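Reproduced below: final-v1.pdb, with PDB, C-alpha atoms.
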ATOM      1  CA  GLY V   1     180.912 289.380 105.757
ATOM      2  CA  GLU V   2     177.131 289.706 105.696
ATOM      3  CA  TYR V   3     177.047 289.412 101.894
ATOM      4  CA  ILE V   4     179.047 286.186 102.048
ATOM      5  CA  GLY V   5     176.550 284.861 104.583
ATOM      6  CA  PHE V   6     173.627 285.676 102.312
ATOM      7  CA  THR V   7     175.394 284.343  99.206
ATOM      8  CA  CYS V   8     176.423 281.005 100.692
ATOM      9  CA  GLY V   9     173.388 280.668 102.939
ATOM     10  CA  THR V  10     174.407 277.560 104.869
ATOM     11  CA  LEU V  11     171.658 277.659 107.517
ATOM     12  CA  ASN V  12     169.986 280.983 106.773
ATOM     13  CA  PRO V  13     166.312 280.598 107.747
ATOM     14  CA  TYR V  14     165.215 283.263 105.287
ATOM     15  CA  ASN V  15     166.808 283.182 101.845
ATOM     16  CA  VAL V  16     167.549 279.423 102.107
ATOM     17  CA  ALA V  17     164.665 277.893 104.060
ATOM     18  CA  ILE V  18     161.925 279.959 102.415
ATOM     19  CA  SER V  19     163.214 279.502  98.867
ATOM     20  CA  GLN V  20     163.817 275.764  99.313
ATOM     21  CA  GLY V  21     160.346 275.343 100.804
ATOM     22  CA  ILE V  22     158.790 277.076  97.797
ATOM     23  CA  SER V  23     160.966 275.037  95.407
ATOM     24  CA  GLU V  24     159.806 271.841  97.179
ATOM     25  CA  VAL V  25     163.314 270.507  97.733
ATOM     26  CA  ALA V  26     164.712 268.997 100.930
ATOM     27  CA  MET V  27     165.166 271.640 103.621
ATOM     28  CA  TYR V  28     168.801 272.772 103.953
ATOM     29  CA  SER V  29     169.926 270.293 101.298
ATOM     30  CA  ASN V  30     173.287 270.462  99.496
ATOM     31  CA  GLN V  31     175.067 271.610 102.646
ATOM     32  CA  GLY V  32     178.459 270.334 101.464
ATOM     33  CA  TYR V  33     178.564 272.702  98.514
ATOM     34  CA  ARG V  34     177.278 275.613 100.605
ATOM     35  CA  TRP V  35     179.931 275.149 103.284
ATOM     36  CA  LEU V  36     182.658 274.754 100.640
ATOM     37  CA  SER V  37     181.537 278.014  99.009
ATOM     38  CA  PHE V  38     181.464 279.672 102.423
ATOM     39  CA  VAL V  39     185.022 278.614 103.271
ATOM     40  CA  VAL V  40     186.364 279.699  99.867
ATOM     41  CA  MET V  41     184.635 283.091  99.941
ATOM     42  CA  VAL V  42     185.577 283.809 103.557
ATOM     43  CA  GLY V  43     189.166 282.848 102.742
ATOM     44  CA  ILE V  44     189.263 285.284  99.821
ATOM     45  CA  ALA V  45     187.695 288.008 101.963
ATOM     46  CA  LEU V  46     190.222 287.455 104.767
ATOM     47  CA  ILE V  47     193.158 287.651 102.356
ATOM     48  CA  TYR V  48     191.800 290.904 100.964
ATOM     49  CA  LEU V  49     191.174 292.358 104.452
ATOM     50  CA  LEU V  50     194.675 291.452 105.626
ATOM     51  CA  HIS V  51     196.190 293.015 102.505
ATOM     52  CA  TYR V  52     194.061 296.122 102.979
ATOM     53  CA  GLY V  53     194.917 296.304 106.684
ATOM     54  CA  PHE V  54     198.672 296.150 106.052
ATOM     55  CA  LYS V  55     198.329 298.877 103.421
ATOM     56  CA  ILE V  56     196.371 301.151 105.784
ATOM     57  CA  ARG V  57     198.833 300.535 108.612
ATOM     58  CA  LYS V  58     201.626 301.891 106.414
ATOM     59  CA  ASP V  59     199.579 304.866 105.214
ATOM     60  CA  PRO V  60     196.304 305.579 107.097
ATOM     61  CA  THR V  61     195.351 308.253 104.564
ATOM     62  CA  LYS V  62     194.608 305.485 102.031
ATOM     63  CA  SER V  63     191.715 304.247 104.168
ATOM     64  CA  ALA V  64     188.263 304.547 102.587
ATOM     65  CA  VAL V  65     186.990 306.036 105.867
ATOM     66  CA  TYR V  66     189.999 308.185 106.715
ATOM     67  CA  GLY V  67     188.988 311.252 108.702
ATOM     68  CA  ARG V  68     185.478 310.017 109.431
ATOM     69  CA  PRO V  69     184.340 309.610 113.055
ATOM     70  CA  CYS V  70     184.012 306.089 114.472
ATOM     71  CA  ILE V  71     180.343 305.063 114.476
ATOM     72  CA  HIS V  72     180.806 302.195 116.933
ATOM     73  CA  SER V  73     180.273 302.353 120.682
ATOM     74  CA  PHE V  74     184.020 301.935 121.283
ATOM     75  CA  GLY V  75     186.946 304.061 120.166
ATOM     76  CA  ASP V  76     189.597 303.118 117.624
ATOM     77  CA  GLY V  77     192.114 302.192 120.335
ATOM     78  CA  ALA V  78     189.690 300.662 122.856
ATOM     79  CA  LEU V  79     190.426 297.091 121.776
ATOM     80  CA  ASP V  80     194.176 297.540 122.384
ATOM     81  CA  ASP V  81     193.629 297.573 126.166
ATOM     82  CA  TYR V  82     190.838 294.991 126.219
ATOM     83  CA  LYS V  83     191.269 291.832 128.306
ATOM     84  CA  LEU V  84     189.101 288.726 128.085
ATOM     85  CA  THR V  85     187.345 288.099 131.390
ATOM     86  CA  ARG V  86     185.499 285.094 132.819
ATOM     87  CA  LYS V  87     182.175 286.824 132.156
ATOM     88  CA  ASP V  88     183.134 287.335 128.522
ATOM     89  CA  VAL V  89     183.929 283.633 128.163
ATOM     90  CA  LEU V  90     180.546 282.698 129.640
ATOM     91  CA  VAL V  91     178.785 285.062 127.233
ATOM     92  CA  LEU V  92     180.626 283.417 124.316
ATOM     93  CA  VAL V  93     179.533 280.000 125.630
ATOM     94  CA  ASP V  94     175.969 281.350 125.782
ATOM     95  CA  LEU V  95     176.281 282.398 122.136
ATOM     96  CA  LEU V  96     177.716 279.014 121.095
ATOM     97  CA  ILE V  97     174.930 277.080 122.830
ATOM     98  CA  THR V  98     172.355 279.344 121.179
ATOM     99  CA  LEU V  99     173.832 278.668 117.733
ATOM    100  CA  VAL V 100     173.750 274.911 118.342
ATOM    101  CA  ILE V 101     170.096 275.089 119.425
ATOM    102  CA  LEU V 102     169.421 277.286 116.395
ATOM    103  CA  MET V 103     170.865 274.742 113.954
ATOM    104  CA  VAL V 104     168.984 271.857 115.574
ATOM    105  CA  GLY V 105     165.728 273.821 115.563
ATOM    106  CA  LEU V 106     166.091 274.837 111.922
ATOM    107  CA  MET V 107     167.094 271.419 110.598
ATOM    108  CA  GLN V 108     165.032 269.105 112.821
ATOM    109  CA  TYR V 109     161.962 271.110 113.816
ATOM    110  CA  GLU V 110     161.647 273.635 110.947
ATOM    111  CA  TRP V 111     161.615 276.662 113.231
ATOM    112  CA  GLY V 112     160.354 279.996 111.919
ATOM    113  CA  ASN V 113     160.655 283.650 112.900
ATOM    114  CA  THR V 114     158.702 283.260 116.136
ATOM    115  CA  GLN V 115     160.997 280.587 117.551
ATOM    116  CA  LEU V 116     164.156 282.381 116.373
ATOM    117  CA  CYS V 117     163.124 285.683 117.961
ATOM    118  CA  GLY V 118     162.345 283.956 121.242
ATOM    119  CA  LEU V 119     165.666 282.108 121.163
ATOM    120  CA  PHE V 120     167.704 285.277 120.654
ATOM    121  CA  ILE V 121     165.805 287.148 123.366
ATOM    122  CA  MET V 122     166.565 284.280 125.758
ATOM    123  CA  MET V 123     170.240 284.433 124.735
ATOM    124  CA  ALA V 124     170.323 288.167 125.494
ATOM    125  CA  ALA V 125     168.614 287.634 128.864
ATOM    126  CA  VAL V 126     171.154 284.964 129.862
ATOM    127  CA  ALA V 127     174.006 287.284 128.842
ATOM    128  CA  ALA V 128     172.491 290.031 131.009
ATOM    129  CA  ILE V 129     172.303 287.647 133.979
ATOM    130  CA  ILE V 130     175.950 286.642 133.440
ATOM    131  CA  ASN V 131     176.976 290.314 133.484
ATOM    132  CA  ARG V 132     174.709 290.947 136.511
ATOM    133  CA  TRP V 133     172.837 293.750 134.770
ATOM    134  CA  SER V 134     169.725 295.236 136.303
ATOM    135  CA  GLY V 135     166.451 295.166 134.396
ATOM    136  CA  ASP V 136     166.848 298.820 133.426
ATOM    137  CA  LYS V 137     170.402 298.247 132.196
ATOM    138  CA  PHE V 138     169.287 295.260 130.104
ATOM    139  CA  VAL V 139     166.454 297.217 128.486
ATOM    140  CA  ASP V 140     168.750 300.182 127.772
ATOM    141  CA  GLU V 141     171.335 297.934 126.087
ATOM    142  CA  PHE V 142     168.592 296.074 124.219
ATOM    143  CA  VAL V 143     167.185 299.322 122.808
ATOM    144  CA  GLU V 144     170.684 300.525 121.926
ATOM    145  CA  GLY V 145     171.278 297.304 119.986
ATOM    146  CA  ILE V 146     167.982 297.637 118.137
ATOM    147  CA  LYS V 147     169.049 301.073 116.896
ATOM    148  CA  GLY V 148     171.718 299.424 114.781
ATOM    149  CA  ILE V 149     169.271 297.147 112.947
ATOM    150  CA  ALA V 150     166.274 299.487 112.686
ATOM    151  CA  TRP V 151     167.309 300.652 109.211
ATOM    152  CA  GLY V 152     167.634 297.061 107.962
ATOM    153  CA  ALA V 153     164.213 296.194 109.397
ATOM    154  CA  LEU V 154     162.726 299.210 107.612
ATOM    155  CA  ILE V 155     164.247 298.121 104.297
ATOM    156  CA  ALA V 156     162.906 294.578 104.788
ATOM    157  CA  GLY V 157     159.437 295.977 105.507
ATOM    158  CA  ILE V 158     159.478 298.180 102.414
ATOM    159  CA  SER V 159     160.703 295.268 100.292
ATOM    160  CA  ARG V 160     157.881 293.109 101.593
ATOM    161  CA  ALA V 161     155.404 295.895 100.804
ATOM    162  CA  ILE V 162     156.695 296.025  97.210
ATOM    163  CA  LEU V 163     156.156 292.279  96.926
ATOM    164  CA  VAL V 164     152.582 292.633  98.233
ATOM    165  CA  VAL V 165     151.872 295.352  95.671
ATOM    166  CA  MET V 166     153.317 293.205  92.868
ATOM    167  CA  ASN V 167     151.238 290.210  93.941
ATOM    168  CA  ASP V 168     148.020 292.243  94.238
ATOM    169  CA  ALA V 169     148.684 293.736  90.796
ATOM    170  CA  VAL V 170     149.246 290.184  89.469
ATOM    171  CA  ILE V 171     152.566 291.139  87.842
ATOM    172  CA  THR V 172     154.989 289.056  89.927
ATOM    173  CA  ASP V 173     154.826 286.015  87.643
ATOM    174  CA  THR V 174     155.118 288.234  84.562
ATOM    175  CA  VAL V 175     158.303 289.867  85.845
ATOM    176  CA  ILE V 176     159.815 286.541  86.891
ATOM    177  CA  HIS V 177     158.934 284.976  83.536
ATOM    178  CA  ALA V 178     160.535 287.867  81.631
ATOM    179  CA  LEU V 179     163.744 287.582  83.655
ATOM    180  CA  ALA V 180     163.782 283.790  83.277
ATOM    181  CA  GLU V 181     163.461 284.154  79.498
ATOM    182  CA  LEU V 182     166.582 286.323  79.504
ATOM    183  CA  LEU V 183     168.513 283.508  81.145
ATOM    184  CA  LYS V 184     166.985 280.798  78.979
ATOM    185  CA  LYS V 185     168.041 282.485  75.747
ATOM    186  CA  ALA V 186     171.507 283.463  76.951
ATOM    187  CA  PRO V 187     174.541 281.470  75.708
ATOM    188  CA  SER V 188     176.007 279.031  78.226
ATOM    189  CA  ALA V 189     179.233 281.030  78.398
ATOM    190  CA  LEU V 190     177.285 284.104  79.507
ATOM    191  CA  SER V 191     174.794 282.437  81.857
ATOM    192  CA  ALA V 192     176.663 283.381  85.061
ATOM    193  CA  GLN V 193     176.941 287.017  83.944
ATOM    194  CA  MET V 194     173.247 287.094  83.035
ATOM    195  CA  ILE V 195     172.326 285.663  86.439
ATOM    196  CA  LEU V 196     174.299 288.506  88.054
ATOM    197  CA  ILE V 197     172.489 291.084  85.904
ATOM    198  CA  THR V 198     169.109 289.531  86.706
ATOM    199  CA  GLN V 199     169.891 289.492  90.428
ATOM    200  CA  THR V 200     170.955 293.139  90.239
ATOM    201  CA  ILE V 201     167.666 294.073  88.574
ATOM    202  CA  ILE V 202     165.698 292.244  91.281
ATOM    203  CA  ASN V 203     167.736 294.052  93.959
ATOM    204  CA  LEU V 204     166.372 297.413  92.815
ATOM    205  CA  PRO V 205     162.719 296.921  93.857
ATOM    206  CA  ILE V 206     163.295 294.096  96.372
ATOM    207  CA  SER V 207     166.481 294.494  98.437
ATOM    208  CA  SER V 208     165.434 292.111 101.224
ATOM    209  CA  ALA V 209     166.701 288.520 101.045
ATOM    210  CA  THR V 210     163.427 287.325 102.566
ATOM    211  CA  GLY V 211     161.393 289.150  99.925
ATOM    212  CA  GLN V 212     163.582 287.832  97.126
ATOM    213  CA  ALA V 213     163.257 284.287  98.422
ATOM    214  CA  ALA V 214     159.479 284.601  98.435
ATOM    215  CA  VAL V 215     159.570 285.923  94.855
TER     216      VAL V 215
END
Once you've parsed the file, please lay out its structure as structure tokens.
Amino acid sequence: GEYIGFTCGTLNPYNVAISQGISEVAMYSNQGYRWLSFVVMVGIALIYLLHYGFKIRKDPTKSAVYGRPCIHSFGDGALDDYKLTRKDVLVLVDLLITLVILMVGLMQYEWGNTQLCGLFIMMAAVAAIINRWSGDKFVDEFVEGIKGIAWGALIAGISRAILVVMNDAVITDTVIHALAELLKKAPSALSAQMILITQTIINLPISSATGQAAV
């Protein structure tokens, strides 16, 4: 799911907004094609997941994670007894309103990281109020949630550091030019495959979408 989001990039403020700003094209342009790609790719992914799920239901031993402990905060059967409550509905409404504000802020006011971080913290605070959490409970849950994204933040930081080193060594343009020449000289029938190879090469030193967009 996350790879489809990065690939299609409908309203992604990082790999879309940054790269389009550098390319000097209209911010969040060509939305029709992006949404079409998103729907097609999500549809393919859902078909695959359903097929995989039916196969695992018949024979759990065929699962890629068979025998491994569940890494989530809930057990494998916890969702079977779950019931949607009024508080849950209000939290979902909180999320929906936040996403609407997010889209308006990105498209109309060109929001950046500062505004997005503040918006999501406000969303979390409203959700805590809906659930009637104490301040200590909110902070504990907030820290627990951060644990899940700490590794991704570390990777993004390292990727950004690599980009800084490349820029200070004045080799960024040289690397980009060399990769662009590969694509320029490739036959039209192989251009898509060459783009994939080039993207894979870039992924090795710079795994962050934000860093790649800046490059």
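When atom CA of Met107 of chain V is paired with atom CA of Val16 of chain V, their separation reads 11.7 Å.
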- Task: Determine the nearest neighbour of Gln199 of chain V from the options V:Asp140, V:Asp59, V:Thr7, V:Gln108, counting only C-alpha atoms.
- Result: V:Thr7
- Message: For a cutoff of 12 Å around the file-coordinate point (161.8, 274.1, 111.6), which residues qualify once you count all atoms listed in the file? I'd like the result as number ranges by chain.
- Response: V: 11-14, 17-18, 21, 27-28, 101-116
- To one decimal place, how far is atom CA of Asp136 of chain V from atom CA of Asp81 of chain V in Å?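 About the pair atom CA of Asp136 of chain V and atom CA of Asp81 of chain V: they are 27.8 Å apart.
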